[in-house]
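Participant: The structure is given below, and queries will be raised subsequently.
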Amino acid sequence: MLSHKNKFLKSTFLAASLMLCGVKAFSQQAYYIDGYHGGVWGHYPDWNTRFILDNLNKHPYWNINLEIEPETWDRTAKVDPTALKELQALIANQTASGRVEYVNPAYAQSYMYNIDGESIIRQFAYGIDKLRGYFPGITFNTYSTEEPCFTSALPQILKSFGFKYASLKNPNTCFGGYTRAFGGELVNWIGPDGTGITTSPRYEVEALSEKSTWQTIAWDNSPRYIKAAIKYGIPHPIGMTLQDAGWKGGPFIGNADTEQQKNKYTTWHNYFANITPKDKRQDWKVTQEDMLVSLVWGSQVTQKLAQRVRVAENKVLGAEKIAVITGVLSKNTNWPKAGFDSAWRTLLLSQHHDCWIVPYNGKQGDTWTDKVVDWTGNTNRISDSISNVSLQKLLSKKGAGQIVTVINTQANKRNETVSVTIPAGLQGKSLSVKDASGKAMTSQVVNDKLLFVASTPSFGYNTYSITETTASIEKGTHVTELADGNFKLESDLYSIIINPKKGGSITSLFAKKLNKEMVDQANKNGFNTLRGNFYNDGGFKASNDDAATVTILENGPIRASLQIKGKIVGTDLTQVITLNKGQQIIDFNLNINWKKDVGVGEDVVKSNYKWTNYKKPFYNDSNKLVTVFPLNLKTQKVYKNAPFDVTESKLKNTFYNSWDSIKTTVILNWVDVTDGEGKFGMAMFTDHTTSYTHGENFPLGLVTQYSGMGLWGRSYFTDGPTNIHYALMPHAGKWNEAGVWSASAQWNEPLIVQVGNSSATVKQQTLVNPQKGLILTSAENSNKDVLLRFFNAEGETDKKKIILNFKYTKAQVVELNGKVSGELKITKLLNGLTSVELPMPKFGIRTIRFSTI
């Protein structure tokens with residue numbers, strides 16, 4: 001954590017460490033995890049490496065655990081190469097008896113739960129690679145972190161990288177949350193796919209500190225903590241503090257290795273391998289709701305940061321897939337590794353936990369927020385450049401001709417609306433689009449754009465031609481102004497009624513094929529209505545308090561959209577709702593044109609703010625500006641995704657206002673609500689990580705804005721317009737039956753369109769076609785091999801078949817650390833196709849290397 005807490009915590013911790021030198025003797029041996037957290041981006045003074053080494057030499061009983069950003073050693077190599085060489089010699093001892101263990105190699109110490117699962121993998125992959133450049137032979141045995149950098153799916157990721165152990169403790173830095181207290185000394189942390197890893201949990205007796213909102217009682221091995229642990233039956237109790245790099249106290253609890261104190265410093269590796277190897281442990285199936293974490297959700301600074309990270313994630317992953325598709329098709333396997341490495345580096349840095357919890361910290365013009373703008377900007381520029389260069393491999397001459405190539409980077413067939421700029425010479429004419437077989441497609445002209453529904457094969461492309469036509473235009477998707485002043489937005493799947501008198505609220509959303517009304521019309525909140533507590537402007541206000549103006553923007557037959565212009569507490573807001581022919585997803589774009597900082601949320605008087613106050617206004621989502629969706633579903637159940645996981649919520653409601661009662665209300669990509677029988681449901685997608693609302697007497701909602709007191713007495717304010725992109729998808733069945741994860745993946749990776757004379761001899765082609773339920777999370781080239789990673793998002797545990805349409809000689813399952821874990825049998829099919837089959841647990845990830853030499 002950056003120096004936002006250094007002055008306060010440093011003095012508090014060091015004073016406590018001096019007091020501990022005189023505590024009563026323990027009757028049983030206790031252990032302590034000490035070490036350092038930080039790095040060149042967060043905090044790591046140039047003298048720090050020498051300081052650590054001097055203290056290790058001075059205190060032979062001291063062992064340390066390091067969570068230092070890998071890029072730190074670039075700086076250390078320049079300013080203190082001698083100290084780095086000495087540290088390298090110490091770290092060379094990778095046995096459990098070594099005095100230094102590296103416990104978090106992640107490139108930028110991300111919180112993990114708030115980013116894409118593929119980003120987590122790259123955090124470790126790039127971090128480990130960087131560290132091995134400075135510490136050859138280093139191994140990674142234990143994952144441990146100062147901050148709550150945890151997510152439920154970590155066991156399978158850690159084990160695949162070669163980790164043996166983990167810790168779920170973060171006793172000295174719980175500002176952003178903590179894990180649920182559970183069990184005794186050891187647990188088998190079981191992830192959603194069934195992978196287990198030996199773990200030191202936050203003990204059942206590891207209570208939160210009474211006069212702190214950032215510590216548990218395990219932070220200093222106090223007598224109270226050790227006695228409680230022993231009474232609980234824990235034979236080898238252990239506490240922990242990873243000090244901020246730059247603290248000058250040396251061993252945190254003093255000379256602990258004495259008969260008087262009965263504390264012993266240890267590395268996690270030694271603790272698990274030599275101290276507790278035969279101790280009992282119980283299985284703990286951890287869900288995402290066991291990660292009790294919270295940030296200032298809804299604040300504009302966090303919102304924009306999360307949006308930028310999401311865009312960059314989508315772009316770089318999409319660029320990799322495009323490069324694989326075009327590389328295989330053109331037989332050009334030159335992989336732009338330097339470009340991708342640069343793009344990933346800056347994306348990973350933008351996921352640094354300090355970006356998210358102290359976004360305003362830093363010098364003017366160089367805050368964490370400013371850094372994220374620069375970092376994600378670099379990722380986007382490089383990703384766009386690589387994508388454009390790759391796509392030209394499918395065209396013989398850019399911009400020439402009237403051939404449209406539509407590329408699908410997802411591994412499932414798609415039928416979606418795309419648009420192209422009308423070629424010169426055809427503008428102003430009646431146009432049609434024909435597929436490769438010559439079949440005419442329904443099209444729509446909007447200004448200089450031509451819209452049509454493209455059908456694309458899995459992980460491949462299709463081509464279309466633009467021609468003139470005299471055919472009449474069908475009605476299709478359209479908007480109608482009704483006699484009562486309401487507007488009807490209609491497609492083949494939905495009929496939506498918007499009431500301008502009620503601020504543009506949706507009074508009816510009828511799903512035709514489901515024969516189901518989705519809106520709870522008795523709920524007074526109003527569907528797709530914004531409501532919140534404007535504590536300086538009269539209290540609770542809603543967008544349906546005032547009438548709105550509705551304007552038809554597009555009127556079919558492919559796409560129809562309308563614009564709603566209304567107000568919230570006197571501020572202009574604009575919503576655009578869009579329906580596309582044949583598509584389940586209903587698209588929404590929201591703009592709130594803030595002209596000043598308007599307080600919304602729970603009110604608090606800044607002068608009365610104290611760090612130790614358990615109650616914090618930004619916890620209370622019920623008072624924030626929330627876009628609500630009252631649903632006509634009885635006995636509602638909530639499902640929400642997390643990195644490589646989906647959790648069925650056990651919460652009665654999502655509301656809390658105190659540090660000791662945090663609930664997991666984070667929405668990563670989507671949240672889904674179904675009725676109690678699982679017959680009908682509706683998913684909500686969001687363009688950024690934030691929080692959601694739901695309760696027995698409160699509708700599903702998307703937290704849209706918070707402006708008020710944040711952490712450390714800092715005001716989180718609005719300083720310009722808010723723009724949010726979200727979507728709804730009514731469906732039949734449960735989320736997995738309805739393909740909600742697949743739909744979310746497609747929403748994040750739209751079809752890609754190129755216009756020009758196609759150089760491809762085959763007019764449409766699929767390269768990878770997996771069994772339903774598998775998501776292709778990433779595709780890369782490596783030494784002319786193709787690496788494909790699949791996530792079993794919607795399928796059950798069984799063998800999964802994947803059909804391939806490119807040449808390769810060998811298929812191997814490889815772990816995330818590169819080790820081969822299995823050879824796959826290749827089955828030859830008709831038309832030159834092949835297939836492989838591999839066992840996949842539910843929520844499992846598997847990487848397959850297809851050797852092409």
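Scheme for the structure tokens: letters A, B, ... for chains in order shown; per-chain residue numbers from 1; ligand numbers from 1 in order shown.
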As a count of residues only, please: the residues near region 221-236 of chain A (cut-off 9 Å, only C-alpha atoms, same-chain neighbours under 4 positions excluded).
Facilitator: 26
Participant: Can you list, as a list in words, every protein, DNA or RNA residue that comes within 8 Å of Leu787 (chain A) when you count only C-alpha atoms, leaving out same-chain residues fewer than 5 positions away?
Facilitator: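 Those residues are Ala779, Glu780, Asn781, Ser782, Thr847, Ile848, Arg849 and Phe850 of chain A.
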Participant: Once you have the residues from the selection above, write them out as an mmCIF file, in the first residue's frame, restricted to N, CA, C and O atoms.
Facilitator:
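Printed below is part.cif as written:
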data_model
loop_
_atom_site.group_PDB
_atom_site.id
_atom_site.type_symbol
_atom_site.label_atom_id
_atom_site.label_comp_id
_atom_site.auth_asym_id
_atom_site.auth_seq_id
_atom_site.Cartn_x
_atom_site.Cartn_y
_atom_site.Cartn_z
ATOM 1 N N ALA A 779 -5.816 -16.962 -27.009
ATOM 2 C CA ALA A 779 -5.139 -17.666 -28.100
ATOM 3 C C ALA A 779 -3.827 -16.946 -28.362
ATOM 4 O O ALA A 779 -3.794 -15.713 -28.460
ATOM 5 N N GLU A 780 -2.742 -17.719 -28.444
ATOM 6 C CA GLU A 780 -1.424 -17.148 -28.676
ATOM 7 C C GLU A 780 -0.620 -18.044 -29.609
ATOM 8 O O GLU A 780 -0.903 -19.242 -29.730
ATOM 9 N N ASN A 781 0.393 -17.461 -30.219
ATOM 10 C CA ASN A 781 1.416 -18.230 -30.919
ATOM 11 C C ASN A 781 2.672 -18.245 -30.065
ATOM 12 O O ASN A 781 3.021 -17.226 -29.452
ATOM 13 N N SER A 782 3.343 -19.379 -30.021
ATOM 14 C CA SER A 782 4.586 -19.488 -29.270
ATOM 15 C C SER A 782 5.507 -20.442 -30.009
ATOM 16 O O SER A 782 5.218 -21.638 -30.106
ATOM 17 N N THR A 847 -5.092 -25.428 -20.924
ATOM 18 C CA THR A 847 -4.336 -24.855 -22.028
ATOM 19 C C THR A 847 -3.835 -25.979 -22.920
ATOM 20 O O THR A 847 -3.213 -26.935 -22.430
ATOM 21 N N ILE A 848 -4.096 -25.888 -24.217
ATOM 22 C CA ILE A 848 -3.656 -26.904 -25.173
ATOM 23 C C ILE A 848 -2.644 -26.277 -26.126
ATOM 24 O O ILE A 848 -2.894 -25.207 -26.686
ATOM 25 N N ARG A 849 -1.512 -26.956 -26.265
ATOM 26 C CA ARG A 849 -0.491 -26.511 -27.206
ATOM 27 C C ARG A 849 -0.553 -27.387 -28.452
ATOM 28 O O ARG A 849 -0.367 -28.605 -28.371
ATOM 29 N N PHE A 850 -0.829 -26.765 -29.584
ATOM 30 C CA PHE A 850 -0.873 -27.459 -30.859
ATOM 31 C C PHE A 850 0.439 -27.186 -31.589
ATOM 32 O O PHE A 850 0.698 -26.044 -32.018
#
Participant: Would you list the contacts of region 491-503 of chain A as number ranges by chain, taking every protein, DNA or RNA residue within 10 Å and counting only C-alpha atoms, but skipping same-chain residues closer than 4 positions in sequence?
Facilitator: A: 475-482, 484-487, 507-517, 519, 526-530, 542-550, 556-560, 562, 564-568, 579-586, 730
Participant: Once you have the residues from the selection above, write them out as an mmCIF file, in the first residue's frame, restricted to C-alpha atoms.
Facilitator:
data_model
loop_
_atom_site.group_PDB
_atom_site.id
_atom_site.type_symbol
_atom_site.label_atom_id
_atom_site.label_comp_id
_atom_site.auth_asym_id
_atom_site.auth_seq_id
_atom_site.Cartn_x
_atom_site.Cartn_y
_atom_site.Cartn_z
ATOM 1 C CA LYS A 475 -40.594 -3.830 -41.200
ATOM 2 C CA GLY A 476 -38.463 -5.837 -38.754
ATOM 3 C CA THR A 477 -37.197 -4.165 -35.579
ATOM 4 C CA HIS A 478 -38.829 -0.771 -35.106
ATOM 5 C CA VAL A 479 -40.043 2.003 -32.801
ATOM 6 C CA THR A 480 -43.642 3.259 -32.689
ATOM 7 C CA GLU A 481 -45.111 6.236 -30.854
ATOM 8 C CA LEU A 482 -48.408 5.092 -29.331
ATOM 9 C CA ASP A 484 -51.164 7.490 -25.239
ATOM 10 C CA GLY A 485 -47.762 9.153 -25.740
ATOM 11 C CA ASN A 486 -45.761 6.056 -24.825
ATOM 12 C CA PHE A 487 -43.212 4.503 -27.180
ATOM 13 C CA THR A 507 -43.305 -0.058 -17.966
ATOM 14 C CA SER A 508 -43.299 -3.336 -19.890
ATOM 15 C CA LEU A 509 -40.604 -5.663 -21.212
ATOM 16 C CA PHE A 510 -42.348 -8.617 -22.807
ATOM 17 C CA ALA A 511 -40.156 -11.492 -23.990
ATOM 18 C CA LYS A 512 -42.127 -12.934 -26.924
ATOM 19 C CA LYS A 513 -40.527 -16.352 -27.258
ATOM 20 C CA LEU A 514 -40.668 -16.833 -23.485
ATOM 21 C CA ASN A 515 -44.234 -15.482 -23.340
ATOM 22 C CA LYS A 516 -43.109 -13.679 -20.197
ATOM 23 C CA GLU A 517 -43.511 -10.142 -18.847
ATOM 24 C CA VAL A 519 -41.160 -6.063 -15.377
ATOM 25 C CA GLY A 526 -39.780 1.918 -11.983
ATOM 26 C CA PHE A 527 -37.816 -0.345 -14.316
ATOM 27 C CA ASN A 528 -34.545 1.152 -15.634
ATOM 28 C CA THR A 529 -35.076 4.108 -13.312
ATOM 29 C CA LEU A 530 -32.278 5.902 -11.455
ATOM 30 C CA ALA A 542 -35.502 9.527 -8.990
ATOM 31 C CA SER A 543 -35.335 9.935 -12.751
ATOM 32 C CA ASN A 544 -39.077 9.217 -12.967
ATOM 33 C CA ASP A 545 -39.874 12.250 -10.810
ATOM 34 C CA ASP A 546 -39.912 14.372 -13.983
ATOM 35 C CA ALA A 547 -41.118 13.798 -17.526
ATOM 36 C CA ALA A 548 -38.628 12.977 -20.265
ATOM 37 C CA THR A 549 -38.401 13.581 -23.986
ATOM 38 C CA VAL A 550 -38.148 10.534 -26.238
ATOM 39 C CA GLY A 556 -35.181 -0.756 -38.361
ATOM 40 C CA PRO A 557 -35.452 -3.169 -39.877
ATOM 41 C CA ILE A 558 -32.138 -4.448 -38.435
ATOM 42 C CA ARG A 559 -31.667 -2.110 -35.513
ATOM 43 C CA ALA A 560 -33.969 0.257 -33.680
ATOM 44 C CA LEU A 562 -34.489 5.590 -29.100
ATOM 45 C CA ILE A 564 -34.527 9.364 -23.572
ATOM 46 C CA LYS A 565 -33.662 12.833 -22.298
ATOM 47 C CA GLY A 566 -34.613 13.421 -18.691
ATOM 48 C CA LYS A 567 -33.284 14.821 -15.442
ATOM 49 C CA ILE A 568 -32.108 13.666 -12.060
ATOM 50 C CA LEU A 579 -32.685 -3.548 -29.960
ATOM 51 C CA ASN A 580 -31.177 -5.660 -32.730
ATOM 52 C CA LYS A 581 -32.929 -8.214 -34.887
ATOM 53 C CA GLY A 582 -32.632 -11.711 -33.484
ATOM 54 C CA GLN A 583 -30.405 -10.710 -30.571
ATOM 55 C CA GLN A 584 -31.200 -11.483 -26.947
ATOM 56 C CA ILE A 585 -29.175 -8.643 -25.509
ATOM 57 C CA ILE A 586 -30.888 -5.278 -24.991
ATOM 58 C CA PRO A 730 -34.013 -12.033 -20.424
#
Participant: Just the helix (DSSP H, G or I) stuff from region 334-550 of chain A, please, per backbone DSSP, written as a VMD selection string.
Facilitator: chain A and resid 337 to 350 353 to 357 368 to 394 500 to 502 543 to 545
Participant: With a distance cut-off of 12 Å and only C-alpha atoms, select the neighbouring residues of Asn783 (chain A), excluding the residue or stretch itself and same-chain residues fewer than 6 positions from it, and output the selection as a list in words.
Facilitator: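 Returned residues: Thr333, Asn334, Trp335, Pro336, Lys337, Arg849, Phe850, Ser851, Thr852 and Ile853 of chain A.
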Participant: Could the residues in this selection be written to a file with N, CA, C and O atoms, as a PDB file, in the first residue's frame?
Facilitator:
ATOM      1  N   THR A 333       3.439 -16.982 -39.221  1.00  0.00           N
ATOM      2  CA  THR A 333       3.411 -17.191 -37.774  1.00  0.00           C
ATOM      3  C   THR A 333       4.328 -16.237 -37.014  1.00  0.00           C
ATOM      4  O   THR A 333       4.661 -16.480 -35.857  1.00  0.00           O
ATOM      5  N   ASN A 334       4.755 -15.161 -37.670  1.00  0.00           N
ATOM      6  CA  ASN A 334       5.565 -14.168 -36.960  1.00  0.00           C
ATOM      7  C   ASN A 334       4.708 -13.502 -35.885  1.00  0.00           C
ATOM      8  O   ASN A 334       3.735 -12.819 -36.193  1.00  0.00           O
ATOM      9  N   TRP A 335       5.063 -13.729 -34.654  1.00  0.00           N
ATOM     10  CA  TRP A 335       4.266 -13.250 -33.526  1.00  0.00           C
ATOM     11  C   TRP A 335       4.857 -11.942 -33.006  1.00  0.00           C
ATOM     12  O   TRP A 335       6.039 -11.893 -32.652  1.00  0.00           O
ATOM     13  N   PRO A 336       4.081 -10.874 -32.925  1.00  0.00           N
ATOM     14  CA  PRO A 336       4.608  -9.587 -32.449  1.00  0.00           C
ATOM     15  C   PRO A 336       4.792  -9.578 -30.924  1.00  0.00           C
ATOM     16  O   PRO A 336       4.111  -8.852 -30.196  1.00  0.00           O
ATOM     17  N   LYS A 337       5.733 -10.377 -30.464  1.00  0.00           N
ATOM     18  CA  LYS A 337       5.905 -10.581 -29.022  1.00  0.00           C
ATOM     19  C   LYS A 337       6.240  -9.291 -28.287  1.00  0.00           C
ATOM     20  O   LYS A 337       5.677  -9.008 -27.217  1.00  0.00           O
ATOM     21  N   ARG A 849      -1.512 -26.956 -26.265  1.00  0.00           N
ATOM     22  CA  ARG A 849      -0.491 -26.511 -27.206  1.00  0.00           C
ATOM     23  C   ARG A 849      -0.553 -27.387 -28.452  1.00  0.00           C
ATOM     24  O   ARG A 849      -0.367 -28.605 -28.371  1.00  0.00           O
ATOM     25  N   PHE A 850      -0.829 -26.765 -29.584  1.00  0.00           N
ATOM     26  CA  PHE A 850      -0.873 -27.459 -30.859  1.00  0.00           C
ATOM     27  C   PHE A 850       0.439 -27.186 -31.589  1.00  0.00           C
ATOM     28  O   PHE A 850       0.698 -26.044 -32.018  1.00  0.00           O
ATOM     29  N   SER A 851       1.268 -28.220 -31.691  1.00  0.00           N
ATOM     30  CA  SER A 851       2.561 -28.061 -32.351  1.00  0.00           C
ATOM     31  C   SER A 851       2.363 -28.113 -33.849  1.00  0.00           C
ATOM     32  O   SER A 851       1.752 -29.058 -34.373  1.00  0.00           O
ATOM     33  N   THR A 852       2.890 -27.107 -34.537  1.00  0.00           N
ATOM     34  CA  THR A 852       2.639 -26.984 -35.973  1.00  0.00           C
ATOM     35  C   THR A 852       3.849 -27.324 -36.818  1.00  0.00           C
ATOM     36  O   THR A 852       3.822 -27.191 -38.027  1.00  0.00           O
ATOM     37  N   ILE A 853       4.941 -27.714 -36.184  1.00  0.00           N
ATOM     38  CA  ILE A 853       6.143 -28.070 -36.941  1.00  0.00           C
ATOM     39  C   ILE A 853       6.154 -29.570 -37.169  1.00  0.00           C
ATOM     40  O   ILE A 853       6.108 -30.340 -36.218  1.00  0.00           O
TER      41      ILE A 853
END
Participant: Env of His269 (chain A): 12 Å cut, atoms = only C-alpha atoms, seq-sep filter 3 positions within chain, self excluded. Answer as a PyMOL selection string.
Facilitator: chain A and resi 33+63-65+93-103+139-144+163-167+198-200+265-266+272-277
Participant: Check the smallest atom-to-atom distance from each of A:Arg202, A:Lys596, A:Lys321, A:Arg180 to Leu788 (chain A) using only C-alpha atoms, then report the winner.
Facilitator: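 So, comparing all the options, the nearest one is A:Lys321.
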Participant: Between A:Ser707, A:Thr693, A:Asn792, A:Asn533, which is the closest to Val598 (chain A) once you count only C-alpha atoms?
Facilitator: A:Ser707
Participant: For Gly844 (chain A), list every protein, DNA or RNA residue within 10 Å, evaluated using only C-alpha atoms, and leave out those in the same chain fewer than 5 positions away; present the list as an NGL selection string.
Facilitator: :A and (153 or 156-157 or 191-195 or 644-645 or 774 or 790-793 or 795-797 or 839)
Participant: At what distance in Å, to one decimal, does CA of Asn591 (chain A) lie from CA of Ile552 (chain A)?
Facilitator: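 About the pair CA of Ile552 (chain A) and CA of Asn591 (chain A): they are 17.1 Å apart.
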Participant: Could you name the residues that touch region 302-312 of chain A at 6 Å or less, counting only C-alpha atoms, but leaving out those on the same chain fewer than 4 positions away, as a PDB file with N, CA and C atoms, in the first residue's frame?
Facilitator:
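Contents of part-v3.pdb, as written:
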ATOM      1  N   THR A 376      -3.233   2.338 -19.799  1.00  0.00           N
ATOM      2  CA  THR A 376      -4.234   1.692 -20.661  1.00  0.00           C
ATOM      3  C   THR A 376      -4.207   2.284 -22.062  1.00  0.00           C
ATOM      4  N   ASN A 380      -4.000   0.059 -25.424  1.00  0.00           N
ATOM      5  CA  ASN A 380      -4.986   0.197 -26.504  1.00  0.00           C
ATOM      6  C   ASN A 380      -4.322   0.512 -27.840  1.00  0.00           C
ATOM      7  N   HIS A 688     -17.898  -2.397 -16.598  1.00  0.00           N
ATOM      8  CA  HIS A 688     -16.820  -2.195 -15.625  1.00  0.00           C
ATOM      9  C   HIS A 688     -17.144  -2.926 -14.329  1.00  0.00           C
ATOM     10  N   THR A 689     -16.114  -3.246 -13.578  1.00  0.00           N
ATOM     11  CA  THR A 689     -16.296  -3.854 -12.263  1.00  0.00           C
ATOM     12  C   THR A 689     -16.896  -2.824 -11.322  1.00  0.00           C
TER      13      THR A 689
END
Participant: Please determine, counting only C-alpha atoms, which residue among A:Leu451, A:Ala745, A:Leu426, A:Leu633 has the shortest atom-to-atom distance to Gln521 (chain A).
Facilitator: A:Leu633
Participant: Could you pull out all residues of region 567-709 of chain A with a DSSP call of strand (DSSP E or B) and give them as number ranges by chain?
Facilitator: A: 567-568, 571-580, 586-592, 600, 615, 625-629, 631, 637-642, 645-648, 653, 658, 666-667, 670-674, 680-686, 690-695, 698-709
Participant: Hey, which of A:Ser383, A:Thr834, A:Ser821, A:Asn48 ends up closest to Arg75 (chain A)? Count only C-alpha atoms.
Facilitator: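 The answer is A:Asn48, which sits nearest to Arg75 (chain A).
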Participant: Just how far from CA of Gly708 (chain A) is CA of Ser658 (chain A), in Å to one decimal?
Facilitator: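 Taking CA of Ser658 (chain A) as the start and CA of Gly708 (chain A) as the end point, the length is 16.0 Å.
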Participant: Counting only C-alpha atoms, which residues of region 361-445 of chain A fall within 12 Å of region 453-465 of chain A, and what is the closest atom pair for each with its distance in Å at one decimal, ordered by chain and rising number, as CSV?
Facilitator:
residue,atom,partner,partner_atom,distance
A:Leu391,CA,A:Tyr461,CA,11.2
A:Leu394,CA,A:Tyr461,CA,9.9
A:Leu395,CA,A:Thr463,CA,11.3
A:Gly401,CA,A:Ser465,CA,9.0
A:Gln402,CA,A:Ser465,CA,5.8
A:Ile403,CA,A:Ser465,CA,4.6
A:Val404,CA,A:Tyr464,CA,4.9
A:Thr405,CA,A:Thr463,CA,4.4
A:Val406,CA,A:Asn462,CA,5.4
A:Ile407,CA,A:Tyr461,CA,4.3
A:Asn408,CA,A:Phe459,CA,5.3
A:Thr409,CA,A:Phe459,CA,5.0
A:Gln410,CA,A:Phe459,CA,5.3
A:Ala411,CA,A:Ser458,CA,4.6
A:Asn412,CA,A:Ser458,CA,4.2
A:Lys413,CA,A:Ser458,CA,4.5
A:Arg414,CA,A:Thr456,CA,5.3
A:Asn415,CA,A:Ser455,CA,4.4
A:Glu416,CA,A:Val453,CA,5.2
A:Thr417,CA,A:Val453,CA,4.3
A:Val418,CA,A:Val453,CA,6.2
A:Ser419,CA,A:Val453,CA,8.8
A:Val420,CA,A:Tyr464,CA,11.2
A:Ile422,CA,A:Ser465,CA,11.6
A:Pro423,CA,A:Ser465,CA,11.2
A:Leu431,CA,A:Ser465,CA,10.4
A:Ser432,CA,A:Ser465,CA,8.4
A:Val433,CA,A:Ser465,CA,5.6
A:Lys434,CA,A:Ser465,CA,5.3
A:Asp435,CA,A:Tyr464,CA,4.6
A:Ala436,CA,A:Tyr464,CA,6.0
A:Ser437,CA,A:Tyr464,CA,9.2
A:Gly438,CA,A:Ser465,CA,8.6
A:Lys439,CA,A:Tyr464,CA,9.6
A:Ala440,CA,A:Ser465,CA,9.4
A:Met441,CA,A:Val453,CA,7.4
A:Thr442,CA,A:Val453,CA,7.3
A:Ser443,CA,A:Val453,CA,7.5
A:Gln444,CA,A:Val453,CA,9.7
Participant: Pick from A:Ser110, A:Thr287, A:Thr612, A:Gly822: nearest to Tyr639 (chain A), with only C-alpha atoms counted?
Facilitator: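 Nearest candidate to Tyr639 (chain A) out of A:Ser110, A:Thr287, A:Thr612, A:Gly822: A:Thr287.
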